[in-house]
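*Asks:* Mind having a look at this structure? Questions to follow.
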Protein chains: 2
Amino acid sequence: MGAQTSAVPDVVTGEPLAADHPGVTELFAVIAYGEVSAFYRLAEEAKLAPSLRGRVAVAKMAAAELAHFETLEAALAARGADAEASMAQYQGALDSYHASTDPSTWLESMVKFYVGDGLAADFYSEIVGVLPAEVAEVVREVLAETGHSQFVVDEVRSAVAASRSERDRLTLWGRRLLGEAITQAQYVMAQRDELAELVLAATGDLNGIATLFDRMQERHAARMAELGL
Amino acid sequence: MGAQTSAVPDVVTGEPLAADHPGVTELFAVIAYGEVSAFYRLAEEAKLAPSLRGRVAVAKMAAAELAHFETLEAALAARGADAEASMAQYQGALDSYHASTDPSTWLESMVKFYVGDGLAADFYSEIVGVLPAEVAEVVREVLAETGHSQFVVDEVRSAVAASRSERDRLTLWGRRLLGEAITQAQYVMAQRDELAELVLAATGDLNGIATLFDRMQERHAARMAELGL
């Protein structure tokens with residue numbers, strides 16, 4: 001969390017919300033479906049892997065996403081919510097994101113995993129500041145690095161170092177991922193008042209939401225650079 | 001393990017093999033590839049699930065298979081063997097098994113998961129008796145029930161109780177799974193002398209191998225009955 005005296009606001013935190021705020025259940029549900037859909041997309045995209053080693057690496061990434069889902073499922077159950085029932089309404093937006101960013105190569109799949117996980121983590125960590133401590137802890141746990149990023153960074157960096165055209169192609173791909181992610185994030189927020197309220201509590205006002213997306217773009221650029229893009 | 005005084009031999013155990021017997025690495029490798037391929041087949045077959053609840057249940061089963069793979073990967077590394085390199089030679093036989101038993105319905109997929117996991121566990125537990133203690137422990141750990149069987153049993157039992165034709169169809173399907181599994185198990189054993197040697201050490205001789213397959217068929221029948229088939 002940045003110093004509040006900084007000229008450029010980092011994360012603006014308002015009053016912490018009550019632990020029983022209905023937006024918390026919605027937040028857990030949307031992240032939970034994000035994990036389930038990431039699991040299945042990774043398993044599907046593993047077909048693009050050039051080797052058994054790549055398939056094993058992807059299976060581990062997918063299993064790590066599912067472990068996060070299980071944490072959220074337990075947190076939802078503790079709030080008296082059923083994971084599947086709560087997640088159902090977010091299927092549309094998240095499935096649309098995946099359908100509109102269907103990778104056609106192994107490298108596109110790797111960039112999508114790295115960039116998509118990063119964007120989701122950025123978005124949710126903007127909200128963490130207004131969450132009650134026990135809720136924030138669950139969110140931080142499921143957004144933590146799964147330890148598989150280094151594999152992805154190595155795969156992508158070495159490929160783009162060797163090919164200028166691959167680098168150009170993946171740079172455009174990264175931009176498309178950012179655009180689609182922001183579109184779907186706005187759609188998800190608009191879908192449920194409780195969730196929009198939670199984001200507004202974290203950002204202060206609509207201007208705050210705009211700067212939130214600005215910060216996400218900056219961090220996205222840093223992640224692309226990390227990949228050599 | 002059955003009493004050695006029983007008229008029908010249960011598990012015949014010979015002299016324990018040395019911990020550095022090369023068959024142990026092969027055994028770990030074939031089970032490990034079995035787990036990776038089960039992971040990907042389950043993820044693929046989840047498309048047949050009638051609901052998000054089913055997809056979540058299957059994702060958990062797949063992740064449990066991968067956790068077993070990771071145990072074997074560590075055990076292989078401790079023996080100085082690379083998991084991917086060791087597994088490569090077993091891809092053919094196991095991929096053939098899956099290709100020849102590709103489920104066309106959700107219930108076929110569930111029966112395959114239950115019956116296939118059971119057959120693999122039966123086969124490998126026949127060998128456990130001749131393995132050195134630390135090796136046997138790894139094998140027992142990765143063959144342990146993953147706790148998802150009850151979901152499968154419930155799904156299948158209620159479906160076949162409601163439909164006689166579904167029951168007939170799945171009964172035939174179960175027989176086909178048994179046949180294909182035994183075919184591929186024999187193929188795998190024939191492929192590597194070290195592995196055949198290990199199975200022979202456990203069963204005594206070729207007659208012992210025949211009774212091993214007889215026992216597998218008996219246990220298969222008991223599992224089918226459990227499913228209401």
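Ligands are numbered from 1 in the order shown, residues from 1 within each chain, and chains are lettered A, B, ... in the order they appear in the structure tokens.
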Applying 12 Å and only C-alpha atoms, which residues near Ser125 (chain A) remain after dropping the ones on its own chain fewer than 4 positions away? List them as a JSON list (two decimals) with all heavy atoms, in the first residue's frame.
*Replies:*
[["chain", "number", "residue", "atom", "x", "y", "z"],
["A", 1, "MET", "N", 0.85, -1.20, 0.00],
["A", 1, "MET", "CA", 0.00, 0.00, 0.00],
["A", 1, "MET", "C", 0.89, 1.25, 0.00],
["A", 1, "MET", "O", 1.80, 1.38, 0.81],
["A", 1, "MET", "CB", -0.89, 0.03, 1.25],
["A", 1, "MET", "CG", -1.76, -1.21, 1.42],
["A", 1, "MET", "SD", -3.12, -1.31, 0.23],
["A", 1, "MET", "CE", -3.11, -3.06, -0.15],
["A", 10, "ASP", "N", -2.10, 5.83, -4.90],
["A", 10, "ASP", "CA", -1.82, 4.42, -5.17],
["A", 10, "ASP", "C", -3.11, 3.66, -4.94],
["A", 10, "ASP", "O", -3.93, 3.53, -5.83],
["A", 10, "ASP", "CB", -0.69, 3.94, -4.25],
["A", 10, "ASP", "CG", -0.28, 2.51, -4.57],
["A", 10, "ASP", "OD1", -0.67, 2.02, -5.64],
["A", 10, "ASP", "OD2", 0.41, 1.89, -3.74],
["A", 11, "VAL", "N", -3.32, 3.19, -3.75],
["A", 11, "VAL", "CA", -4.59, 2.55, -3.47],
["A", 11, "VAL", "C", -5.32, 3.41, -2.44],
["A", 11, "VAL", "O", -4.78, 3.69, -1.38],
["A", 11, "VAL", "CB", -4.40, 1.13, -2.91],
["A", 11, "VAL", "CG1", -5.74, 0.52, -2.52],
["A", 11, "VAL", "CG2", -3.72, 0.27, -3.95],
["A", 12, "VAL", "N", -6.49, 3.91, -2.82],
["A", 12, "VAL", "CA", -7.28, 4.71, -1.91],
["A", 12, "VAL", "C", -8.12, 3.76, -1.07],
["A", 12, "VAL", "O", -8.82, 2.92, -1.61],
["A", 12, "VAL", "CB", -8.22, 5.67, -2.68],
["A", 12, "VAL", "CG1", -9.01, 6.53, -1.71],
["A", 12, "VAL", "CG2", -7.44, 6.52, -3.66],
["A", 13, "THR", "N", -8.00, 3.85, 0.22],
["A", 13, "THR", "CA", -8.81, 2.94, 1.04],
["A", 13, "THR", "C", -9.81, 3.75, 1.84],
["A", 13, "THR", "O", -9.46, 4.70, 2.52],
["A", 13, "THR", "CB", -7.92, 2.13, 2.00],
["A", 13, "THR", "OG1", -7.17, 3.05, 2.77],
["A", 13, "THR", "CG2", -7.01, 1.20, 1.25],
["A", 27, "LEU", "N", -18.00, -11.14, -4.35],
["A", 27, "LEU", "CA", -16.58, -11.09, -4.68],
["A", 27, "LEU", "C", -15.96, -12.50, -4.65],
["A", 27, "LEU", "O", -15.27, -12.91, -5.59],
["A", 27, "LEU", "CB", -15.85, -10.18, -3.68],
["A", 27, "LEU", "CG", -14.34, -10.03, -3.89],
["A", 27, "LEU", "CD1", -14.04, -9.26, -5.16],
["A", 27, "LEU", "CD2", -13.70, -9.33, -2.69],
["A", 31, "ILE", "N", -14.46, -14.50, -8.04],
["A", 31, "ILE", "CA", -13.07, -15.01, -8.07],
["A", 31, "ILE", "C", -13.10, -16.54, -8.18],
["A", 31, "ILE", "O", -12.33, -17.13, -8.93],
["A", 31, "ILE", "CB", -12.24, -14.58, -6.83],
["A", 31, "ILE", "CG1", -12.29, -13.06, -6.65],
["A", 31, "ILE", "CG2", -10.80, -15.02, -6.99],
["A", 31, "ILE", "CD1", -11.49, -12.56, -5.43],
["A", 118, "GLY", "N", -2.26, -11.86, -13.66],
["A", 118, "GLY", "CA", -1.75, -10.60, -13.13],
["A", 118, "GLY", "C", -2.84, -9.53, -13.10],
["A", 118, "GLY", "O", -2.98, -8.81, -12.11],
["A", 119, "LEU", "N", -3.62, -9.44, -14.18],
["A", 119, "LEU", "CA", -4.70, -8.45, -14.23],
["A", 119, "LEU", "C", -5.74, -8.72, -13.14],
["A", 119, "LEU", "O", -6.20, -7.80, -12.47],
["A", 119, "LEU", "CB", -5.37, -8.45, -15.60],
["A", 119, "LEU", "CG", -4.58, -7.79, -16.74],
["A", 119, "LEU", "CD1", -5.20, -8.12, -18.09],
["A", 119, "LEU", "CD2", -4.53, -6.27, -16.54],
["A", 120, "ALA", "N", -6.10, -9.97, -12.99],
["A", 120, "ALA", "CA", -7.08, -10.33, -11.96],
["A", 120, "ALA", "C", -6.53, -9.96, -10.58],
["A", 120, "ALA", "O", -7.23, -9.35, -9.76],
["A", 120, "ALA", "CB", -7.40, -11.82, -12.03],
["A", 121, "ALA", "N", -5.27, -10.29, -10.34],
["A", 121, "ALA", "CA", -4.66, -9.98, -9.04],
["A", 121, "ALA", "C", -4.64, -8.47, -8.81],
["A", 121, "ALA", "O", -4.94, -8.00, -7.71],
["A", 121, "ALA", "CB", -3.25, -10.56, -8.97],
["A", 129, "GLY", "N", -8.12, -3.32, 0.37],
["A", 129, "GLY", "CA", -8.00, -2.31, 1.43],
["A", 129, "GLY", "C", -9.28, -2.04, 2.20],
["A", 129, "GLY", "O", -9.22, -1.70, 3.38],
["A", 130, "VAL", "N", -10.45, -2.19, 1.54],
["A", 130, "VAL", "CA", -11.70, -1.90, 2.26],
["A", 130, "VAL", "C", -12.36, -3.16, 2.81],
["A", 130, "VAL", "O", -13.46, -3.11, 3.35],
["A", 130, "VAL", "CB", -12.75, -1.17, 1.37],
["A", 130, "VAL", "CG1", -12.32, 0.27, 1.13],
["A", 130, "VAL", "CG2", -13.02, -1.93, 0.09],
["A", 131, "LEU", "N", -11.69, -4.29, 2.65],
["A", 131, "LEU", "CA", -12.31, -5.53, 3.12],
["A", 131, "LEU", "C", -11.98, -5.77, 4.58],
["A", 131, "LEU", "O", -10.89, -5.43, 5.05],
["A", 131, "LEU", "CB", -11.81, -6.71, 2.28],
["A", 131, "LEU", "CG", -12.16, -6.67, 0.79],
["A", 131, "LEU", "CD1", -11.51, -7.85, 0.08],
["A", 131, "LEU", "CD2", -13.66, -6.69, 0.57],
["A", 135, "VAL", "N", -11.65, -11.34, 5.54],
["A", 135, "VAL", "CA", -12.01, -11.45, 4.12],
["A", 135, "VAL", "C", -10.79, -11.12, 3.25],
["A", 135, "VAL", "O", -10.47, -11.82, 2.29],
["A", 135, "VAL", "CB", -13.19, -10.52, 3.79],
["A", 135, "VAL", "CG1", -13.48, -10.51, 2.29],
["A", 135, "VAL", "CG2", -14.44, -10.93, 4.58],
["A", 136, "ALA", "N", -10.09, -10.06, 3.63],
["A", 136, "ALA", "CA", -8.89, -9.64, 2.89],
["A", 136, "ALA", "C", -7.86, -10.77, 2.87],
["A", 136, "ALA", "O", -7.19, -11.00, 1.85],
["A", 136, "ALA", "CB", -8.28, -8.40, 3.53],
["A", 137, "GLU", "N", -7.79, -11.50, 3.97],
["A", 137, "GLU", "CA", -6.83, -12.59, 4.07],
["A", 137, "GLU", "C", -7.12, -13.69, 3.04],
["A", 137, "GLU", "O", -6.22, -14.21, 2.39],
["A", 137, "GLU", "CB", -6.89, -13.17, 5.49],
["A", 137, "GLU", "CG", -5.68, -13.95, 5.89],
["A", 137, "GLU", "CD", -5.86, -14.56, 7.28],
["A", 137, "GLU", "OE1", -6.30, -13.80, 8.18],
["A", 137, "GLU", "OE2", -5.64, -15.76, 7.43],
["A", 138, "VAL", "N", -8.41, -14.04, 2.89],
["A", 138, "VAL", "CA", -8.80, -15.04, 1.90],
["A", 138, "VAL", "C", -8.44, -14.56, 0.50],
["A", 138, "VAL", "O", -7.84, -15.29, -0.31],
["A", 138, "VAL", "CB", -10.33, -15.34, 1.98],
["A", 138, "VAL", "CG1", -10.76, -16.24, 0.82],
["A", 138, "VAL", "CG2", -10.69, -15.96, 3.32],
["A", 139, "VAL", "N", -8.76, -13.29, 0.21],
["A", 139, "VAL", "CA", -8.48, -12.75, -1.13],
["A", 139, "VAL", "C", -6.97, -12.76, -1.41],
["A", 139, "VAL", "O", -6.53, -13.19, -2.47],
["A", 139, "VAL", "CB", -9.07, -11.33, -1.29],
["A", 139, "VAL", "CG1", -8.66, -10.72, -2.63],
["A", 139, "VAL", "CG2", -10.60, -11.39, -1.18],
["A", 140, "ARG", "N", -6.18, -12.31, -0.42],
["A", 140, "ARG", "CA", -4.73, -12.30, -0.63],
["A", 140, "ARG", "C", -4.21, -13.72, -0.87],
["A", 140, "ARG", "O", -3.36, -13.93, -1.73],
["A", 140, "ARG", "CB", -4.01, -11.70, 0.59],
["A", 140, "ARG", "CG", -4.11, -10.19, 0.62],
["A", 140, "ARG", "CD", -3.00, -9.56, 1.47],
["A", 140, "ARG", "NE", -3.31, -8.14, 1.64],
["A", 140, "ARG", "CZ", -4.01, -7.64, 2.67],
["A", 140, "ARG", "NH1", -4.42, -8.43, 3.64],
["A", 140, "ARG", "NH2", -4.26, -6.35, 2.74],
["A", 141, "GLU", "N", -4.74, -14.67, -0.12],
["A", 141, "GLU", "CA", -4.27, -16.06, -0.27],
["A", 141, "GLU", "C", -4.52, -16.58, -1.68],
["A", 141, "GLU", "O", -3.65, -17.19, -2.30],
["A", 141, "GLU", "CB", -4.98, -16.95, 0.76],
["A", 141, "GLU", "CG", -4.48, -18.39, 0.74],
["A", 141, "GLU", "CD", -5.26, -19.29, 1.69],
["A", 141, "GLU", "OE1", -5.83, -18.79, 2.67],
["A", 141, "GLU", "OE2", -5.29, -20.52, 1.42],
["A", 142, "VAL", "N", -5.71, -16.32, -2.21],
["A", 142, "VAL", "CA", -6.03, -16.90, -3.52],
["A", 142, "VAL", "C", -5.42, -16.11, -4.68],
["A", 142, "VAL", "O", -5.41, -16.58, -5.82],
["A", 142, "VAL", "CB", -7.56, -17.08, -3.74],
["A", 142, "VAL", "CG1", -8.15, -17.98, -2.68],
["A", 142, "VAL", "CG2", -8.27, -15.75, -3.79],
["A", 143, "LEU", "N", -4.93, -14.89, -4.38],
["A", 143, "LEU", "CA", -4.30, -14.12, -5.45],
["A", 143, "LEU", "C", -2.78, -14.27, -5.40],
["A", 143, "LEU", "O", -2.08, -13.74, -6.26],
["A", 143, "LEU", "CB", -4.67, -12.65, -5.35],
["A", 143, "LEU", "CG", -6.15, -12.33, -5.53],
["A", 143, "LEU", "CD1", -6.37, -10.84, -5.40],
["A", 143, "LEU", "CD2", -6.68, -12.82, -6.87],
["A", 144, "ALA", "N", -2.30, -14.99, -4.41],
["A", 144, "ALA", "CA", -0.85, -15.14, -4.27],
["A", 144, "ALA", "C", -0.28, -15.84, -5.50],
["A", 144, "ALA", "O", -0.95, -16.65, -6.14],
["A", 144, "ALA", "CB", -0.52, -15.94, -3.02],
["A", 199, "VAL", "N", -16.56, -2.04, -4.99],
["A", 199, "VAL", "CA", -15.48, -1.40, -5.75],
["A", 199, "VAL", "C", -15.51, 0.11, -5.51],
["A", 199, "VAL", "O", -14.45, 0.74, -5.35],
["A", 199, "VAL", "CB", -15.59, -1.73, -7.27],
["A", 199, "VAL", "CG1", -14.52, -1.00, -8.06],
["A", 199, "VAL", "CG2", -15.49, -3.23, -7.50],
["A", 202, "ALA", "N", -13.94, 1.05, -2.35],
["A", 202, "ALA", "CA", -12.49, 0.96, -2.41],
["A", 202, "ALA", "C", -11.88, 2.14, -3.17],
["A", 202, "ALA", "O", -10.78, 2.59, -2.87],
["A", 202, "ALA", "CB", -12.06, -0.35, -3.05],
["A", 203, "THR", "N", -12.59, 2.62, -4.19],
["A", 203, "THR", "CA", -12.00, 3.62, -5.09],
["A", 203, "THR", "C", -12.48, 5.03, -4.78],
["A", 203, "THR", "O", -11.93, 5.99, -5.31],
["A", 203, "THR", "CB", -12.34, 3.28, -6.55],
["A", 203, "THR", "OG1", -13.77, 3.13, -6.65],
["A", 203, "THR", "CG2", -11.67, 2.01, -7.00],
["A", 212, "LEU", "N", -8.17, 3.48, -11.16],
["A", 212, "LEU", "CA", -7.91, 2.06, -10.92],
["A", 212, "LEU", "C", -7.51, 1.39, -12.25],
["A", 212, "LEU", "O", -6.52, 0.67, -12.33],
["A", 212, "LEU", "CB", -9.16, 1.40, -10.33],
["A", 212, "LEU", "CG", -9.19, -0.09, -10.01],
["A", 212, "LEU", "CD1", -10.31, -0.39, -9.00],
["A", 212, "LEU", "CD2", -9.38, -1.00, -11.21],
["A", 215, "ARG", "N", -4.07, 2.44, -13.34],
["A", 215, "ARG", "CA", -3.00, 1.72, -12.63],
["A", 215, "ARG", "C", -2.86, 0.30, -13.17],
["A", 215, "ARG", "O", -1.77, -0.23, -13.29],
["A", 215, "ARG", "CB", -3.31, 1.65, -11.13],
["A", 215, "ARG", "CG", -2.96, 2.93, -10.38],
["A", 215, "ARG", "CD", -2.95, 2.70, -8.87],
["A", 215, "ARG", "NE", -4.26, 2.30, -8.36],
["A", 215, "ARG", "CZ", -5.22, 3.16, -7.99],
["A", 215, "ARG", "NH1", -5.02, 4.47, -8.08],
["A", 215, "ARG", "NH2", -6.37, 2.73, -7.54],
["A", 216, "MET", "N", -4.01, -0.33, -13.50],
["A", 216, "MET", "CA", -3.93, -1.69, -14.05],
["A", 216, "MET", "C", -3.16, -1.69, -15.37],
["A", 216, "MET", "O", -2.40, -2.62, -15.65],
["A", 216, "MET", "CB", -5.34, -2.26, -14.25],
["A", 216, "MET", "CG", -5.96, -2.77, -12.95],
["A", 216, "MET", "SD", -7.67, -3.34, -13.18],
["A", 216, "MET", "CE", -7.42, -4.82, -14.18]]
*Asks:* Give one line per residue of chain B that approaches chain A to at most 7 Å, naming the two atoms of the closest pair and their distance in Å to one decimal, counting only C-alpha atoms; sort by chain then ascending residue number and deliver it as a tab-separated table.
*Replies:*
residue	atom	partner	partner_atom	distance
B:Tyr40	CA	A:Ala43	CA	6.5
B:Ala43	CA	A:Ala43	CA	6.3
B:Leu52	CA	A:Glu84	CA	6.4
B:Arg53	CA	A:Glu84	CA	5.9
B:Ala63	CA	A:Ala63	CA	5.1
B:Glu84	CA	A:Arg53	CA	5.9
*Asks:* Using only C-alpha atoms, determine which residues lie at most 12 Å from Ser109 (chain B), disregarding the query and same-chain residues fewer than 2 positions distant; provide the list as a ChimeraX atom specification.
*Replies:* /B:38,41-50,54,58,98,101-107,111-117,152,155-156,170,173-174,177
*Asks:* May I ask which of the residues B:Leu76, B:Asp20, B:Asp82, B:Ile127 is the closest one to Gly204 (chain B), counting only C-alpha atoms?
*Replies:*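 Among the listed residues, B:Ile127 lies closest to Gly204 (chain B).
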*Asks:* Could you pull the residues within 10 Å of His21 (chain A), counting only C-alpha atoms, minus those fewer than 4 positions along the same chain, as a list in words?
*Replies:* Leu17, Thr25, Glu26, Leu131, Pro132, Glu194, Leu195, Glu197 and Leu198 of chain A
*Asks:* Can I get the selection written as a PDB file, in the first residue's frame, with N, CA and C atoms?
*Replies:*
ATOM      1  N   LEU A  17     -15.472  -2.246   5.068  1.00  0.00           N
ATOM      2  CA  LEU A  17     -16.863  -2.698   4.990  1.00  0.00           C
ATOM      3  C   LEU A  17     -17.144  -3.715   6.090  1.00  0.00           C
ATOM      4  N   THR A  25     -19.712 -11.878  -0.541  1.00  0.00           N
ATOM      5  CA  THR A  25     -20.106 -13.161  -1.123  1.00  0.00           C
ATOM      6  C   THR A  25     -19.975 -13.107  -2.654  1.00  0.00           C
ATOM      7  N   GLU A  26     -20.397 -11.989  -3.224  1.00  0.00           N
ATOM      8  CA  GLU A  26     -20.287 -11.831  -4.678  1.00  0.00           C
ATOM      9  C   GLU A  26     -18.832 -11.838  -5.125  1.00  0.00           C
ATOM     10  N   LEU A 131     -11.695  -4.286   2.645  1.00  0.00           N
ATOM     11  CA  LEU A 131     -12.307  -5.527   3.121  1.00  0.00           C
ATOM     12  C   LEU A 131     -11.982  -5.766   4.584  1.00  0.00           C
ATOM     13  N   PRO A 132     -12.909  -6.350   5.329  1.00  0.00           N
ATOM     14  CA  PRO A 132     -12.595  -6.723   6.705  1.00  0.00           C
ATOM     15  C   PRO A 132     -11.420  -7.702   6.698  1.00  0.00           C
ATOM     16  N   GLU A 194     -24.130  -5.072  -5.474  1.00  0.00           N
ATOM     17  CA  GLU A 194     -23.329  -5.319  -4.274  1.00  0.00           C
ATOM     18  C   GLU A 194     -21.837  -5.262  -4.593  1.00  0.00           C
ATOM     19  N   LEU A 195     -21.499  -5.737  -5.775  1.00  0.00           N
ATOM     20  CA  LEU A 195     -20.098  -5.771  -6.185  1.00  0.00           C
ATOM     21  C   LEU A 195     -19.638  -4.361  -6.565  1.00  0.00           C
ATOM     22  N   GLU A 197     -20.777  -1.630  -5.450  1.00  0.00           N
ATOM     23  CA  GLU A 197     -20.700  -0.875  -4.198  1.00  0.00           C
ATOM     24  C   GLU A 197     -19.362  -1.124  -3.510  1.00  0.00           C
ATOM     25  N   LEU A 198     -18.931  -2.367  -3.560  1.00  0.00           N
ATOM     26  CA  LEU A 198     -17.669  -2.757  -2.946  1.00  0.00           C
ATOM     27  C   LEU A 198     -16.503  -2.071  -3.662  1.00  0.00           C
TER      28      LEU A 198
END
*Asks:* Do a neighbour search on Gln186 (chain B) at 12 Å with only C-alpha atoms, toss out local chain neighbours closer than 5 positions, and write the hits as a list of chain:residue names.
*Replies:*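 Within the cut-off, the hits are B:Ala93, B:Leu94, B:Tyr97, B:Phe123, B:Gly179, B:Glu180, B:Ala181, B:Gln191, B:Arg192, B:Leu195, B:Ala196, B:Val199, B:Leu206, B:Ile209, B:Ala210, B:Leu212, B:Phe213.
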*Asks:* Smallest atom-to-atom distance to Ile182 (chain B): which of B:Asp214, B:Asp154, B:Glu166, B:Asp205, using only C-alpha atoms?
*Replies:*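 The shortest atom-to-atom distance to Ile182 (chain B) comes from B:Asp214.
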*Asks:* Could you give me, as a PyMOL selection string, each residue of region 92-174 of chain B that DSSP assigns to helix (DSSP H, G or I) when run on this structure's backbone?
*Replies:* chain B and resi 92-100+106-128+133-143+149-162+164-174
*Asks:* Would you list the contacts of Arg157 (chain B) as a ChimeraX atom specification, taking every protein, DNA or RNA residue within 12 Å and counting only C-alpha atoms, but skipping same-chain residues closer than 5 positions in sequence?
*Replies:* /B:107,110-111,149-152,162-164,166-167,170,223-229
*Asks:* Could you write out the selected residues, including N, CA, C and O atoms, as a CSV table (one decimal), in the first residue's frame?
*Replies:*
chain,number,residue,atom,x,y,z
B,107,LEU,N,-22.1,-40.4,-17.8
B,107,LEU,CA,-22.1,-41.6,-16.9
B,107,LEU,C,-21.0,-42.5,-17.3
B,107,LEU,O,-20.4,-43.1,-16.5
B,110,MET,N,-18.0,-41.2,-15.7
B,110,MET,CA,-17.9,-41.5,-14.3
B,110,MET,C,-17.6,-43.0,-14.0
B,110,MET,O,-16.8,-43.3,-13.1
B,111,VAL,N,-18.2,-43.9,-14.8
B,111,VAL,CA,-17.9,-45.3,-14.6
B,111,VAL,C,-16.4,-45.6,-14.9
B,111,VAL,O,-15.7,-46.3,-14.2
B,149,SER,N,-14.9,-40.9,-4.7
B,149,SER,CA,-15.6,-42.1,-5.2
B,149,SER,C,-17.1,-41.9,-4.8
B,149,SER,O,-18.0,-42.3,-5.6
B,150,GLN,N,-17.4,-41.4,-3.7
B,150,GLN,CA,-18.8,-41.4,-3.3
B,150,GLN,C,-19.7,-40.6,-4.2
B,150,GLN,O,-20.8,-40.9,-4.6
B,151,PHE,N,-19.1,-39.5,-4.7
B,151,PHE,CA,-19.8,-38.6,-5.7
B,151,PHE,C,-20.1,-39.5,-6.9
B,151,PHE,O,-21.3,-39.5,-7.4
B,152,VAL,N,-19.2,-40.3,-7.4
B,152,VAL,CA,-19.3,-41.1,-8.6
B,152,VAL,C,-20.4,-42.2,-8.3
B,152,VAL,O,-21.3,-42.4,-9.1
B,162,ALA,N,-32.9,-45.6,-12.2
B,162,ALA,CA,-34.0,-45.0,-12.9
B,162,ALA,C,-34.2,-45.5,-14.3
B,162,ALA,O,-35.2,-45.3,-15.0
B,163,SER,N,-33.2,-46.2,-14.9
B,163,SER,CA,-33.2,-46.6,-16.3
B,163,SER,C,-32.6,-48.0,-16.5
B,163,SER,O,-31.3,-48.1,-16.3
B,164,ARG,N,-33.4,-48.9,-16.9
B,164,ARG,CA,-32.9,-50.2,-17.2
B,164,ARG,C,-31.9,-50.3,-18.4
B,164,ARG,O,-30.9,-50.9,-18.3
B,166,GLU,N,-30.1,-47.8,-19.5
B,166,GLU,CA,-28.8,-47.2,-19.1
B,166,GLU,C,-28.0,-48.2,-18.3
B,166,GLU,O,-26.7,-48.2,-18.5
B,167,ARG,N,-28.6,-49.0,-17.5
B,167,ARG,CA,-27.9,-50.0,-16.7
B,167,ARG,C,-27.2,-51.0,-17.6
B,167,ARG,O,-26.1,-51.3,-17.5
B,170,LEU,N,-24.3,-49.4,-19.5
B,170,LEU,CA,-23.1,-49.2,-18.6
B,170,LEU,C,-22.5,-50.5,-18.2
B,170,LEU,O,-21.3,-50.5,-17.9
B,223,ARG,N,-16.8,-54.0,-7.8
B,223,ARG,CA,-16.9,-52.5,-8.0
B,223,ARG,C,-18.1,-52.2,-8.8
B,223,ARG,O,-18.8,-51.2,-8.6
B,224,MET,N,-18.4,-53.0,-9.8
B,224,MET,CA,-19.5,-52.8,-10.7
B,224,MET,C,-20.8,-52.9,-9.9
B,224,MET,O,-21.7,-52.1,-10.0
B,225,ALA,N,-20.8,-53.9,-9.0
B,225,ALA,CA,-22.0,-54.1,-8.1
B,225,ALA,C,-22.2,-52.8,-7.3
B,225,ALA,O,-23.4,-52.4,-7.0
B,226,GLU,N,-21.1,-52.3,-6.8
B,226,GLU,CA,-21.2,-51.1,-6.0
B,226,GLU,C,-21.9,-49.9,-6.7
B,226,GLU,O,-22.6,-49.1,-6.1
B,227,LEU,N,-21.6,-49.9,-8.0
B,227,LEU,CA,-22.3,-48.9,-8.9
B,227,LEU,C,-23.7,-49.2,-9.3
B,227,LEU,O,-24.3,-48.5,-10.0
B,228,GLY,N,-24.2,-50.4,-8.8
B,228,GLY,CA,-25.5,-50.8,-9.2
B,228,GLY,C,-25.5,-51.5,-10.5
B,228,GLY,O,-26.6,-51.6,-11.2
B,229,LEU,N,-24.4,-52.0,-11.0
B,229,LEU,CA,-24.3,-52.6,-12.3
B,229,LEU,C,-24.0,-54.1,-12.2
B,229,LEU,O,-23.4,-54.5,-11.3
